[in-house]
Each structure stands twice: as C-alpha cells, then as structure tokens.
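Following: one structure in structure tokens, then a few remarks.
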Amino acid sequence: MATNKKPGNWRRRTQAVRGGQVRTGFQETCEPLIFTAGYAYETADEAEARFKGESPGYQYSRLANPTVTMFEERLAQLEGAPLARATATGMAAVTAVFLAGLKTGDHVVAANALFGSCRYVIETVLPRFGIACTFVEGSDLDAWKAAMRPATKLLFIETPSNPTLSIVDIAAVAKIAEDGGARLIVDNAFASPALQRPMEHGAHIVVHSSTKFIDGQGRALGGAILCHPDFLEENLQQFLRNTGPAISPFNAWLHLKSLETLELRMKQHCDNAARVAEFLAGHKKVTRVLYPFRADHPQHNLARAQMDGGGGVVSFEIEGGKSAVFKCANALELIDISNNLGDSKSLFTHPETTTHQKMTPEARAAGGVTSGLVRLSVGLEDPEDLCEDLEQALKVA
Ligand SMILES: *Cc1c(COP(=O)(O)O)cnc(C)c1O
C-alpha cells in the first residue's frame, strides 16, 4: 500500500478529490473498495504484534477497514477536524457520541429544533440511564447559559435545523460549553463541510448523516463523528470498536467518492434552492418562506457569517394547513413526496405527519413545525421545471 504525497499542504478542493487515498500494489487510480470482514497475518508473531498494537495494520472490519479509513481521512480534512470515525448511519453516530461521552448523573443541553430521532435519543433514551436533559431555544444565548449545570457534559445543536432552518450561533454556544467545562456537538448534515465547518467556529465534535448531501444521490446510509484525539481516546475508540456501529465498506466507498463532487453539487443545490425560494416567496398561497441566505430569514446575517451558502433545503408554509399541503403534494408531477433529503432529486416532505409525527404537539410547536409547513429538499434538476411543478400543484392546494 502506498499513500499519497504531502496531503497536509493541499487546498480543500484538492483534498476532496485526493485526500486519504491509499493505493494497493495495482496502482489503481480509483480508490479501492476493500470488501472484507477479516485480514490474514503472515505469521502468528505478526498477529500477536497487531493485537498488542505494536504493529500497524488491520485486524477485523468492525474495528477498521482500509476503504472506511480513506473516507474518514478525507472527511476529516474537509471538515478541518483532527480525525473522523465513520458509522453505519447518522443516528449511529449521534447515539454513539452520547453513550460514549456520558455516564449516569451527567446532563445534556440541546436546542429545541432537532431532527426527530436525535430528539428521541436525548429525551427518551438518555434518561433511562440517569442522564438528564434540558431543551432550549437555540438562538437564545441567555437560555443556554441558564441551562448549564455543573454536571453538564455535552451541548447539542443542528444548524441549520430540521425542518425550520433556524440558525444557531456555533461560536457563541461553543464558548458557553467551554466556560462550563462541556463540549459542543454540531450536527452538520444540512450544510455539509462544503458550506459549513463547525470546528472553525469552535465546535468540539461534529456529527454527520452522510446519507444526505454527502451521498447526494439517495443511495446509501452512512454517518460520521469528527472529534479531537482526547475524546477519541477517552470515550469513543473502545466504545465504537466493541459495540459495532461500523459502516459497510461499500457505503463508505460510495460516500468517499461522493466527497469528490460535494462542493460542485452543493453550489448547484444552493443556486436552485435560492431560485425556488424566490418563486415561493412571490406566491399568494405561500404565507412564509424560510431559507437561510434570504434577507427575510430572521438570522440571515448569522447564516452568512458561518456558512458559505444557504444550503439545499427550503421550508415554507402553505395557507390552509394539512389539507392544503396534501392537495399540493398529491398534485406534484415532478417533485417526489419523500421524507429523505439531500438527494439530486427534489423531495417534498410534510414534517407534521411524517418525520416529526411521533413528537408531542408541544414539542412540535416549540420546534416551529406547523400544520402548513413543508420541507422541500431542492435537487439538481432545472430550477425552472421545479418552479413550474410547484406552480401547478399550488393551484390545486
Ligand atoms: C437524516 C438526519 C439524521 C440521521 O441520519 P441517518 O443517516 O438517517 O441515520 C440526523 N440528523 C439530521 C440533521 C438528519 O437530517
């Protein structure tokens, strides 16, 4: 195996294409998909040395795999993070960070506006182990400060959040975490490292669902945790190796190769989303449009300060609540009804009845999930075709 030369000196777009690449003796130009569960040793002595950690090399793909390692190294370079560990899904990453980083008696503070499953882990799973949680309005820095306790170990935000695209000030919340001896985790699935690198703003841990924009074509599940060596050594490493939320080498290979085009794709997602948001803002049946880079977004200055683009998701409210949304959804001829996001195909979601259905009405209200709210993941189609499809569907609503 031969590694690439001088990776540390490359700029981000070069890292996206070449970072972490390792070639086998065949000198293939494309990164190899090493699809294996186990590894053989030349001698029993070598096996012993590897298990003792005295010899480098692989032992078993639950612990590490060469293709997975390439994905981890490339993603870490793009995020400006010291290191990454890939997981089977985004939720495996979120769950592992909490279970590896906390113990009974610890306390977590999280923003209200969260992906439903993240909220479930914090609100339902953690308390079973005696870990308390407090939810705050993400933009209210005084609420973050007031929620901090001596036992607070982890803070968790998603920015932009799902589905209301609210923005949390990463640097300010990271400072509050640090002042309280805690770590800030940022779920960066909506922006991807092409648009936002939370560690540059002081975040201590980043989690990803690579299922979304990193895959970008709705093919495979994956996730990742990015952190510093101290968290890896003290909390994460043994937890991941022994509990086994490992990503398939095949999925890691897809996501590794997807990183090569991530920035190009994100640019187009942003252009398309801005165009669709503009169209929706001018439509009489649309009462509200939420897009981070629009001047009418309540936090657009903050969005511009910490993001390089507004992202590929637009949320909007249709007058007439659920029944109007359903009529519009059922009339779509191009855009698909789906709960996924970050696909090259545009996807229309009604959060209240799908992704956020299991939440209590109070939690939905706190997260801004109203009956008329639609989350539109804007794909890579021609934006004029998307606007025309929305126009004819909104006529029916
Ligand atoms: C999809 C998503 C997750 C969960 O990721 P999976 O890969 O589906 O497990 C977590 N956070 C956010 C913001 C997401 O969009």
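All residue names refer to the structure tokens as shown: chains lettered A, B, ... in order, residues numbered from 1 in each chain, ligands numbered from 1 in order.
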Q: For ligand 1, collect every residue having any atom at a distance of at most 9 Å from a ligand atom (counting only C-alpha atoms and all ligand atoms); output as a ChimeraX atom specification.
A: /A:88-94,114-118,158-163,187-190,207-212,220-223,340-342
Given the selection you just returned, output its residues as a file containing C-alpha atoms, formatted as a PDB file, in the first residue's frame.
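Result file is result35.pdb:
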```pdb
ATOM      1  CA  ALA A  88     -23.437   2.876   9.690  1.00  0.00           C
ATOM      2  CA  THR A  89     -25.911   5.785   9.837  1.00  0.00           C
ATOM      3  CA  GLY A  90     -26.158   9.334  11.087  1.00  0.00           C
ATOM      4  CA  MET A  91     -28.181   8.115  14.060  1.00  0.00           C
ATOM      5  CA  ALA A  92     -25.488   5.556  14.932  1.00  0.00           C
ATOM      6  CA  ALA A  93     -23.052   8.495  15.087  1.00  0.00           C
ATOM      7  CA  VAL A  94     -25.350  10.604  17.291  1.00  0.00           C
ATOM      8  CA  LEU A 114     -33.864  18.942  16.195  1.00  0.00           C
ATOM      9  CA  PHE A 115     -34.227  16.018  13.822  1.00  0.00           C
ATOM     10  CA  GLY A 116     -36.898  13.766  15.391  1.00  0.00           C
ATOM     11  CA  SER A 117     -34.602  10.789  16.064  1.00  0.00           C
ATOM     12  CA  CYS A 118     -31.939  12.988  17.679  1.00  0.00           C
ATOM     13  CA  GLU A 158     -28.245  21.234  14.491  1.00  0.00           C
ATOM     14  CA  THR A 159     -27.681  24.269  12.278  1.00  0.00           C
ATOM     15  CA  PRO A 160     -29.453  24.894  10.005  1.00  0.00           C
ATOM     16  CA  SER A 161     -32.059  22.922  11.899  1.00  0.00           C
ATOM     17  CA  ASN A 162     -34.562  20.449  10.542  1.00  0.00           C
ATOM     18  CA  PRO A 163     -37.143  21.406   9.333  1.00  0.00           C
ATOM     19  CA  ASP A 187     -24.952  18.008  13.583  1.00  0.00           C
ATOM     20  CA  ASN A 188     -23.673  19.290  10.218  1.00  0.00           C
ATOM     21  CA  ALA A 189     -25.889  17.166   7.945  1.00  0.00           C
ATOM     22  CA  PHE A 190     -27.845  20.077   6.438  1.00  0.00           C
ATOM     23  CA  VAL A 207     -21.662  14.509  13.611  1.00  0.00           C
ATOM     24  CA  HIS A 208     -22.881  13.719  10.129  1.00  0.00           C
ATOM     25  CA  SER A 209     -25.536  11.801   8.364  1.00  0.00           C
ATOM     26  CA  SER A 210     -23.578  11.132   5.166  1.00  0.00           C
ATOM     27  CA  THR A 211     -26.820   9.629   3.856  1.00  0.00           C
ATOM     28  CA  LYS A 212     -27.868  13.162   2.928  1.00  0.00           C
ATOM     29  CA  ALA A 220     -26.716   4.542   0.847  1.00  0.00           C
ATOM     30  CA  LEU A 221     -26.818   5.159   4.595  1.00  0.00           C
ATOM     31  CA  GLY A 222     -23.793   6.396   6.469  1.00  0.00           C
ATOM     32  CA  GLY A 223     -22.627   8.672   9.237  1.00  0.00           C
ATOM     33  CA  ASN A 340     -35.421  11.880   2.738  1.00  0.00           C
ATOM     34  CA  LEU A 341     -33.356  14.936   1.843  1.00  0.00           C
ATOM     35  CA  GLY A 342     -30.068  15.816   0.211  1.00  0.00           C
TER      36      GLY A 342
END
```
To test your reading of the structure, identify every residue in region 74-153 of chain A that backbone DSSP assigns to helix (DSSP H, G or I), and report it as a compact mmCIF listing (two decimals) with all heavy atoms, in the first residue's frame.
```
# COMPACT_ATOMS: atom_id res chain seq x y z
N ARG A 74 -10.51 11.63 4.45
CA ARG A 74 -10.92 12.69 3.52
C ARG A 74 -11.95 13.61 4.18
O ARG A 74 -11.87 14.83 4.07
CB ARG A 74 -11.48 12.06 2.24
CG ARG A 74 -11.75 13.07 1.15
CD ARG A 74 -12.05 12.40 -0.18
NE ARG A 74 -10.89 11.68 -0.70
CZ ARG A 74 -10.89 10.97 -1.85
NH1 ARG A 74 -12.00 10.90 -2.56
NH2 ARG A 74 -9.81 10.36 -2.25
N LEU A 75 -12.92 13.02 4.88
CA LEU A 75 -13.95 13.83 5.53
C LEU A 75 -13.33 14.72 6.62
O LEU A 75 -13.68 15.90 6.74
CB LEU A 75 -15.04 12.92 6.13
CG LEU A 75 -16.24 13.63 6.75
CD1 LEU A 75 -16.97 14.50 5.72
CD2 LEU A 75 -17.21 12.62 7.37
N ALA A 76 -12.39 14.16 7.38
CA ALA A 76 -11.73 14.96 8.43
C ALA A 76 -11.00 16.15 7.81
O ALA A 76 -11.07 17.27 8.31
CB ALA A 76 -10.77 14.09 9.23
N GLN A 77 -10.32 15.94 6.69
CA GLN A 77 -9.62 17.04 6.02
C GLN A 77 -10.61 18.12 5.60
O GLN A 77 -10.37 19.31 5.80
CB GLN A 77 -8.86 16.53 4.81
CG GLN A 77 -7.62 15.71 5.19
CD GLN A 77 -6.87 15.17 3.98
OE1 GLN A 77 -7.07 15.63 2.87
NE2 GLN A 77 -6.02 14.19 4.21
N LEU A 78 -11.75 17.71 5.02
CA LEU A 78 -12.72 18.70 4.54
C LEU A 78 -13.37 19.47 5.69
O LEU A 78 -13.70 20.64 5.54
CB LEU A 78 -13.81 18.02 3.70
CG LEU A 78 -13.33 17.39 2.40
CD1 LEU A 78 -14.50 16.79 1.64
CD2 LEU A 78 -12.61 18.43 1.54
N GLU A 79 -13.55 18.82 6.82
CA GLU A 79 -14.17 19.48 7.98
C GLU A 79 -13.15 20.28 8.78
O GLU A 79 -13.51 20.97 9.74
CB GLU A 79 -14.82 18.45 8.91
CG GLU A 79 -16.19 17.96 8.46
CD GLU A 79 -17.32 18.95 8.79
OE1 GLU A 79 -17.04 19.99 9.39
OE2 GLU A 79 -18.47 18.66 8.41
N GLY A 90 -26.29 8.11 10.30
CA GLY A 90 -26.16 9.33 11.09
C GLY A 90 -26.61 9.11 12.52
O GLY A 90 -25.99 9.60 13.47
N MET A 91 -27.68 8.35 12.70
CA MET A 91 -28.18 8.11 14.06
C MET A 91 -27.23 7.25 14.87
O MET A 91 -27.14 7.39 16.09
CB MET A 91 -29.59 7.50 14.04
CG MET A 91 -30.69 8.50 13.68
SD MET A 91 -30.48 10.16 14.39
CE MET A 91 -30.41 9.80 16.15
N ALA A 92 -26.51 6.34 14.21
CA ALA A 92 -25.49 5.56 14.93
C ALA A 92 -24.41 6.51 15.45
O ALA A 92 -23.90 6.34 16.57
CB ALA A 92 -24.89 4.49 14.02
N ALA A 93 -24.07 7.52 14.66
CA ALA A 93 -23.05 8.50 15.09
C ALA A 93 -23.55 9.29 16.29
O ALA A 93 -22.84 9.44 17.29
CB ALA A 93 -22.71 9.43 13.93
N VAL A 94 -24.79 9.79 16.20
CA VAL A 94 -25.35 10.60 17.29
C VAL A 94 -25.44 9.78 18.58
O VAL A 94 -25.02 10.20 19.66
CB VAL A 94 -26.75 11.14 16.89
CG1 VAL A 94 -27.46 11.79 18.07
CG2 VAL A 94 -26.63 12.12 15.72
N THR A 95 -25.97 8.56 18.46
CA THR A 95 -26.16 7.70 19.63
C THR A 95 -24.81 7.34 20.26
O THR A 95 -24.65 7.38 21.48
CB THR A 95 -26.92 6.41 19.24
OG1 THR A 95 -28.14 6.81 18.58
CG2 THR A 95 -27.26 5.57 20.45
N ALA A 96 -23.83 7.04 19.41
CA ALA A 96 -22.51 6.65 19.93
C ALA A 96 -21.85 7.81 20.67
O ALA A 96 -21.24 7.61 21.72
CB ALA A 96 -21.61 6.17 18.79
N VAL A 97 -21.98 9.02 20.14
CA VAL A 97 -21.36 10.17 20.82
C VAL A 97 -21.94 10.33 22.22
O VAL A 97 -21.20 10.52 23.19
CB VAL A 97 -21.57 11.47 20.01
CG1 VAL A 97 -21.33 12.69 20.86
CG2 VAL A 97 -20.64 11.49 18.81
N PHE A 98 -23.26 10.21 22.32
CA PHE A 98 -23.88 10.39 23.64
C PHE A 98 -23.54 9.24 24.59
O PHE A 98 -23.15 9.47 25.73
CB PHE A 98 -25.40 10.52 23.51
CG PHE A 98 -25.83 11.89 23.04
CD1 PHE A 98 -26.55 12.05 21.88
CD2 PHE A 98 -25.49 13.02 23.77
CE1 PHE A 98 -26.95 13.31 21.45
CE2 PHE A 98 -25.87 14.29 23.35
CZ PHE A 98 -26.60 14.44 22.18
N LEU A 99 -23.67 8.01 24.12
CA LEU A 99 -23.43 6.88 25.03
C LEU A 99 -21.96 6.76 25.41
O LEU A 99 -21.62 6.35 26.51
CB LEU A 99 -23.97 5.58 24.43
CG LEU A 99 -25.50 5.51 24.28
CD1 LEU A 99 -25.92 4.15 23.75
CD2 LEU A 99 -26.23 5.82 25.58
N ALA A 100 -21.08 7.13 24.48
CA ALA A 100 -19.65 7.04 24.78
C ALA A 100 -19.18 8.23 25.63
O ALA A 100 -18.23 8.12 26.39
CB ALA A 100 -18.84 6.99 23.49
N GLY A 101 -19.88 9.35 25.49
CA GLY A 101 -19.40 10.57 26.14
C GLY A 101 -20.03 10.86 27.50
O GLY A 101 -19.63 11.81 28.16
N GLY A 116 -36.09 14.54 14.46
CA GLY A 116 -36.90 13.77 15.39
C GLY A 116 -36.15 12.66 16.13
O GLY A 116 -36.29 12.50 17.34
N SER A 117 -35.31 11.90 15.42
CA SER A 117 -34.60 10.79 16.06
C SER A 117 -33.54 11.29 17.04
O SER A 117 -33.29 10.64 18.06
CB SER A 117 -33.96 9.88 15.02
OG SER A 117 -34.96 9.31 14.20
N CYS A 118 -32.92 12.42 16.74
CA CYS A 118 -31.94 12.99 17.68
C CYS A 118 -32.65 13.35 18.98
O CYS A 118 -32.17 13.11 20.08
CB CYS A 118 -31.26 14.23 17.09
SG CYS A 118 -30.26 13.88 15.63
N ARG A 119 -33.82 13.94 18.81
CA ARG A 119 -34.59 14.33 19.98
C ARG A 119 -35.00 13.10 20.79
O ARG A 119 -34.96 13.11 22.03
CB ARG A 119 -35.83 15.12 19.53
CG ARG A 119 -36.47 15.79 20.69
CD ARG A 119 -37.35 16.96 20.32
NE ARG A 119 -38.01 17.34 21.55
CZ ARG A 119 -38.00 18.54 22.07
NH1 ARG A 119 -37.39 19.52 21.47
NH2 ARG A 119 -38.61 18.78 23.20
N TYR A 120 -35.35 12.02 20.11
CA TYR A 120 -35.73 10.77 20.79
C TYR A 120 -34.57 10.24 21.65
O TYR A 120 -34.75 9.84 22.80
CB TYR A 120 -36.15 9.72 19.75
CG TYR A 120 -36.34 8.34 20.33
CD1 TYR A 120 -37.53 7.99 20.98
CD2 TYR A 120 -35.31 7.40 20.27
CE1 TYR A 120 -37.69 6.73 21.53
CE2 TYR A 120 -35.47 6.13 20.83
CZ TYR A 120 -36.65 5.80 21.46
OH TYR A 120 -36.80 4.57 22.02
N VAL A 121 -33.37 10.24 21.08
CA VAL A 121 -32.21 9.73 21.82
C VAL A 121 -31.99 10.55 23.10
O VAL A 121 -31.80 10.01 24.19
CB VAL A 121 -30.94 9.74 20.94
CG1 VAL A 121 -29.69 9.44 21.77
CG2 VAL A 121 -31.08 8.71 19.81
N ILE A 122 -32.07 11.88 22.95
CA ILE A 122 -31.78 12.76 24.09
C ILE A 122 -32.90 12.72 25.12
O ILE A 122 -32.66 12.67 26.33
CB ILE A 122 -31.57 14.21 23.58
CG1 ILE A 122 -30.36 14.27 22.66
CG2 ILE A 122 -31.40 15.17 24.77
CD1 ILE A 122 -30.23 15.58 21.90
N GLU A 123 -34.12 12.70 24.64
CA GLU A 123 -35.29 12.86 25.52
C GLU A 123 -35.77 11.53 26.10
O GLU A 123 -36.31 11.49 27.19
CB GLU A 123 -36.42 13.47 24.66
CG GLU A 123 -37.57 14.04 25.39
CD GLU A 123 -38.47 14.81 24.41
OE1 GLU A 123 -38.64 14.35 23.25
OE2 GLU A 123 -38.97 15.86 24.80
N THR A 124 -35.57 10.44 25.38
CA THR A 124 -36.15 9.16 25.79
C THR A 124 -35.09 8.13 26.19
O THR A 124 -35.25 7.43 27.18
CB THR A 124 -37.04 8.60 24.66
OG1 THR A 124 -37.96 9.62 24.28
CG2 THR A 124 -37.80 7.38 25.09
N VAL A 125 -34.02 8.03 25.41
CA VAL A 125 -33.01 7.00 25.72
C VAL A 125 -32.12 7.43 26.88
O VAL A 125 -31.94 6.67 27.84
CB VAL A 125 -32.15 6.68 24.47
CG1 VAL A 125 -31.08 5.65 24.81
CG2 VAL A 125 -33.04 6.18 23.33
N LEU A 126 -31.57 8.62 26.82
CA LEU A 126 -30.61 9.04 27.85
C LEU A 126 -31.18 9.02 29.27
O LEU A 126 -30.49 8.55 30.19
CB LEU A 126 -30.00 10.41 27.51
CG LEU A 126 -29.17 10.48 26.22
CD1 LEU A 126 -28.55 11.87 26.06
CD2 LEU A 126 -28.09 9.41 26.18
N PRO A 127 -32.43 9.50 29.48
CA PRO A 127 -32.96 9.47 30.86
C PRO A 127 -33.05 8.07 31.46
O PRO A 127 -32.97 7.91 32.67
CB PRO A 127 -34.35 10.11 30.71
CG PRO A 127 -34.24 10.97 29.51
CD PRO A 127 -33.34 10.22 28.58
N ARG A 128 -33.16 7.03 30.60
CA ARG A 128 -33.19 5.65 31.13
C ARG A 128 -31.89 5.30 31.83
O ARG A 128 -31.82 4.36 32.61
CB ARG A 128 -33.35 4.67 29.97
CG ARG A 128 -34.72 4.62 29.40
CD ARG A 128 -34.76 3.43 28.43
NE ARG A 128 -35.77 3.65 27.43
CZ ARG A 128 -35.68 3.21 26.18
NH1 ARG A 128 -34.61 2.54 25.78
NH2 ARG A 128 -36.64 3.44 25.34
N LEU A 141 -29.18 32.84 23.63
CA LEU A 141 -27.91 32.53 24.32
C LEU A 141 -28.06 32.58 25.83
O LEU A 141 -27.39 31.82 26.55
CB LEU A 141 -26.82 33.48 23.84
CG LEU A 141 -26.47 33.34 22.34
CD1 LEU A 141 -25.43 34.37 21.94
CD2 LEU A 141 -26.00 31.93 21.99
N ASP A 142 -28.95 33.45 26.34
CA ASP A 142 -29.18 33.50 27.79
C ASP A 142 -29.79 32.19 28.28
O ASP A 142 -29.47 31.73 29.38
CB ASP A 142 -30.10 34.68 28.16
CG ASP A 142 -29.38 36.01 27.95
OD1 ASP A 142 -28.14 36.03 28.08
OD2 ASP A 142 -30.06 37.02 27.65
N ALA A 143 -30.66 31.61 27.45
CA ALA A 143 -31.27 30.32 27.84
C ALA A 143 -30.20 29.22 27.90
O ALA A 143 -30.23 28.37 28.79
CB ALA A 143 -32.37 29.95 26.85
N TRP A 144 -29.24 29.24 26.95
CA TRP A 144 -28.15 28.27 27.01
C TRP A 144 -27.37 28.42 28.32
O TRP A 144 -27.09 27.45 29.01
CB TRP A 144 -27.18 28.45 25.83
CG TRP A 144 -27.67 27.93 24.52
CD1 TRP A 144 -28.20 28.67 23.50
CD2 TRP A 144 -27.65 26.57 24.05
NE1 TRP A 144 -28.52 27.85 22.44
CE2 TRP A 144 -28.19 26.57 22.75
CE3 TRP A 144 -27.24 25.35 24.60
CZ2 TRP A 144 -28.33 25.40 21.99
CZ3 TRP A 144 -27.37 24.18 23.85
CH2 TRP A 144 -27.92 24.21 22.56
N LYS A 145 -27.03 29.68 28.64
CA LYS A 145 -26.24 29.93 29.86
C LYS A 145 -27.01 29.47 31.09
O LYS A 145 -26.44 28.84 31.99
CB LYS A 145 -25.93 31.42 29.99
CG LYS A 145 -24.82 31.86 29.03
CD LYS A 145 -24.50 33.35 29.20
CE LYS A 145 -23.78 33.87 27.97
NZ LYS A 145 -24.11 35.26 27.64
N ALA A 146 -28.32 29.78 31.12
CA ALA A 146 -29.12 29.44 32.29
C ALA A 146 -29.28 27.93 32.45
O ALA A 146 -29.47 27.43 33.56
CB ALA A 146 -30.50 30.10 32.18
N ALA A 147 -29.21 27.20 31.33
CA ALA A 147 -29.43 25.74 31.39
C ALA A 147 -28.18 24.98 31.86
O ALA A 147 -28.27 23.81 32.22
CB ALA A 147 -29.86 25.23 30.02
```
**Q.** Spatial neighbours of Lys153 (chain A), 7 Å, only C-alpha atoms, chain gap at least 2 places, as a list of chain:residue names
**A.** A:Asp106, A:His107, A:Val108, A:Ala151, A:Ala182, A:Arg183
Q: Give me the residues within 9 Å of Ala84 (chain A) as an MDAnalysis selection string, counting only C-alpha atoms and dropping any in the same chain fewer than 3 places off.
A: chainID A and resid 69 71:76 81 224:228
Next, write the just-selected residues to a file, as a short mmCIF file (atom, residue, chain, number, x, y, z; two decimals), in the first residue's frame, keeping all heavy atoms as the atom set.
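Result written to selection.cif:
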```
data_model
loop_
_atom_site.label_atom_id
_atom_site.label_comp_id
_atom_site.auth_asym_id
_atom_site.auth_seq_id
_atom_site.Cartn_x
_atom_site.Cartn_y
_atom_site.Cartn_z
N THR A 69 -11.28 3.84 6.26
CA THR A 69 -10.24 4.78 6.71
C THR A 69 -10.05 5.91 5.71
O THR A 69 -9.89 7.07 6.08
CB THR A 69 -8.90 4.04 6.93
OG1 THR A 69 -9.11 2.99 7.87
CG2 THR A 69 -7.83 4.98 7.47
N PHE A 71 -12.31 7.13 3.68
CA PHE A 71 -13.46 8.03 3.83
C PHE A 71 -13.28 8.92 5.06
O PHE A 71 -13.49 10.14 5.01
CB PHE A 71 -14.75 7.19 3.92
CG PHE A 71 -15.98 7.99 4.25
CD1 PHE A 71 -16.30 9.15 3.54
CD2 PHE A 71 -16.84 7.57 5.26
CE1 PHE A 71 -17.46 9.88 3.85
CE2 PHE A 71 -17.99 8.30 5.57
CZ PHE A 71 -18.29 9.46 4.87
N GLU A 72 -12.84 8.31 6.16
CA GLU A 72 -12.67 9.08 7.40
C GLU A 72 -11.62 10.17 7.23
O GLU A 72 -11.81 11.31 7.66
CB GLU A 72 -12.26 8.13 8.54
CG GLU A 72 -13.39 7.18 8.95
CD GLU A 72 -12.95 6.03 9.85
OE1 GLU A 72 -11.73 5.73 9.91
OE2 GLU A 72 -13.81 5.41 10.49
N GLU A 73 -10.51 9.83 6.59
CA GLU A 73 -9.42 10.82 6.46
C GLU A 73 -9.83 11.97 5.55
O GLU A 73 -9.55 13.13 5.83
CB GLU A 73 -8.16 10.14 5.95
CG GLU A 73 -7.69 9.12 6.96
CD GLU A 73 -6.19 8.96 7.04
OE1 GLU A 73 -5.50 9.32 6.05
OE2 GLU A 73 -5.73 8.48 8.08
N ARG A 74 -10.51 11.63 4.45
CA ARG A 74 -10.92 12.69 3.52
C ARG A 74 -11.95 13.61 4.18
O ARG A 74 -11.87 14.83 4.07
CB ARG A 74 -11.48 12.06 2.24
CG ARG A 74 -11.75 13.07 1.15
CD ARG A 74 -12.05 12.40 -0.18
NE ARG A 74 -10.89 11.68 -0.70
CZ ARG A 74 -10.89 10.97 -1.85
NH1 ARG A 74 -12.00 10.90 -2.56
NH2 ARG A 74 -9.81 10.36 -2.25
N LEU A 75 -12.92 13.02 4.88
CA LEU A 75 -13.95 13.83 5.53
C LEU A 75 -13.33 14.72 6.62
O LEU A 75 -13.68 15.90 6.74
CB LEU A 75 -15.04 12.92 6.13
CG LEU A 75 -16.24 13.63 6.75
CD1 LEU A 75 -16.97 14.50 5.72
CD2 LEU A 75 -17.21 12.62 7.37
N ALA A 76 -12.39 14.16 7.38
CA ALA A 76 -11.73 14.96 8.43
C ALA A 76 -11.00 16.15 7.81
O ALA A 76 -11.07 17.27 8.31
CB ALA A 76 -10.77 14.09 9.23
N ALA A 81 -11.06 18.88 10.73
CA ALA A 81 -11.10 18.19 12.02
C ALA A 81 -9.85 17.32 12.17
O ALA A 81 -9.33 16.82 11.18
CB ALA A 81 -12.35 17.31 12.09
N ALA A 224 -20.91 9.85 10.43
CA ALA A 224 -19.53 10.05 10.90
C ALA A 224 -19.52 10.91 12.15
O ALA A 224 -20.41 11.73 12.37
CB ALA A 224 -18.70 10.71 9.81
N ILE A 225 -18.47 10.69 12.93
CA ILE A 225 -18.19 11.52 14.11
C ILE A 225 -16.82 12.13 13.89
O ILE A 225 -15.86 11.40 13.56
CB ILE A 225 -18.14 10.65 15.39
CG1 ILE A 225 -19.46 9.91 15.59
CG2 ILE A 225 -17.78 11.49 16.61
CD1 ILE A 225 -19.34 8.70 16.51
N LEU A 226 -16.70 13.44 14.04
CA LEU A 226 -15.40 14.10 13.93
C LEU A 226 -15.08 14.71 15.29
O LEU A 226 -15.95 15.34 15.90
CB LEU A 226 -15.46 15.18 12.85
CG LEU A 226 -15.77 14.56 11.48
CD1 LEU A 226 -17.17 14.94 11.02
CD2 LEU A 226 -14.74 14.94 10.45
N CYS A 227 -13.86 14.48 15.75
CA CYS A 227 -13.53 14.96 17.09
C CYS A 227 -12.02 15.13 17.24
O CYS A 227 -11.28 14.96 16.28
CB CYS A 227 -14.08 14.00 18.15
SG CYS A 227 -13.33 12.36 18.12
N HIS A 228 -11.60 15.44 18.46
CA HIS A 228 -10.18 15.59 18.79
C HIS A 228 -9.67 14.28 19.40
O HIS A 228 -10.46 13.48 19.90
CB HIS A 228 -10.01 16.77 19.76
CG HIS A 228 -10.34 18.08 19.12
ND1 HIS A 228 -9.38 18.87 18.52
CD2 HIS A 228 -11.53 18.72 18.94
CE1 HIS A 228 -9.96 19.95 18.03
NE2 HIS A 228 -11.26 19.89 18.26
#
```
Q.
Quick check, in Å to one decimal: how far apart do CA of Ile214 (chain A) and CA of Asp336 (chain A) lie?
A. 19.9 Å
Q | In region 14-221 of chain A, DSSP strand (DSSP E) residues written as a VMD selection string | A | chain A and resid 22 to 23 83 to 87 107 to 111 132 to 136 152 to 158 183 to 187 205 to 209
Q. What does the distance between CA of Ala274 (chain A) and CA of His300 (chain A) come to in Å, to one decimal place?
A. 13.1 Å
Q | Long-range neighbours of Asp296 (chain A) as a PyMOL selection string, 12 Å cut-off, only C-alpha atoms, 5 positions minimum in chain | A | chain A and resi 277-278+281+288-291+301+303
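Taking only C-alpha atoms into account, Cys30 (chain A) lies nearest to A:Met70 out of the set A:Met359, A:Met70, A:Leu240, A:Ala171.
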Q.
If we count only C-alpha atoms and set the cut-off at 10 Å, which residues sit around Trp10 (chain A), ignoring sequence neighbours fewer than 6 positions away in its own chain? Please answer as a PyMOL selection string.
A. chain A and resi 16+18-19+77
Got time to write the residues from that selection, N, CA, C and O atoms, as a PDB file, in the first residue's frame?
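Final file, result-v8.pdb:
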```pdb
ATOM      1  N   ALA A  16     -10.677  17.120  -1.389  1.00  0.00           N
ATOM      2  CA  ALA A  16     -11.941  16.437  -1.692  1.00  0.00           C
ATOM      3  C   ALA A  16     -11.730  15.334  -2.724  1.00  0.00           C
ATOM      4  O   ALA A  16     -12.428  14.325  -2.734  1.00  0.00           O
ATOM      5  N   ARG A  18      -8.497  13.946  -3.539  1.00  0.00           N
ATOM      6  CA  ARG A  18      -7.328  13.093  -3.314  1.00  0.00           C
ATOM      7  C   ARG A  18      -7.069  12.718  -1.860  1.00  0.00           C
ATOM      8  O   ARG A  18      -6.274  11.818  -1.588  1.00  0.00           O
ATOM      9  N   GLY A  19      -7.724  13.436  -0.942  1.00  0.00           N
ATOM     10  CA  GLY A  19      -7.418  13.238   0.477  1.00  0.00           C
ATOM     11  C   GLY A  19      -7.613  11.801   0.928  1.00  0.00           C
ATOM     12  O   GLY A  19      -8.601  11.171   0.578  1.00  0.00           O
ATOM     13  N   GLN A  77     -10.325  15.936   6.685  1.00  0.00           N
ATOM     14  CA  GLN A  77      -9.624  17.042   6.023  1.00  0.00           C
ATOM     15  C   GLN A  77     -10.613  18.124   5.599  1.00  0.00           C
ATOM     16  O   GLN A  77     -10.368  19.311   5.798  1.00  0.00           O
TER      17      GLN A  77
END
```
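Around Gly368 (chain A), within 10 Å and counting only C-alpha atoms, the residues found are Asn112, Ala113, Asn162, Pro163, Thr164, Leu165, Ser166, Glu362, Ala363 and Leu373 of chain A, once anything fewer than 5 positions away on its own chain is removed.
The coordinates place CA of Gly202 (chain A) at 7.5 Å from CA of Lys175 (chain A).
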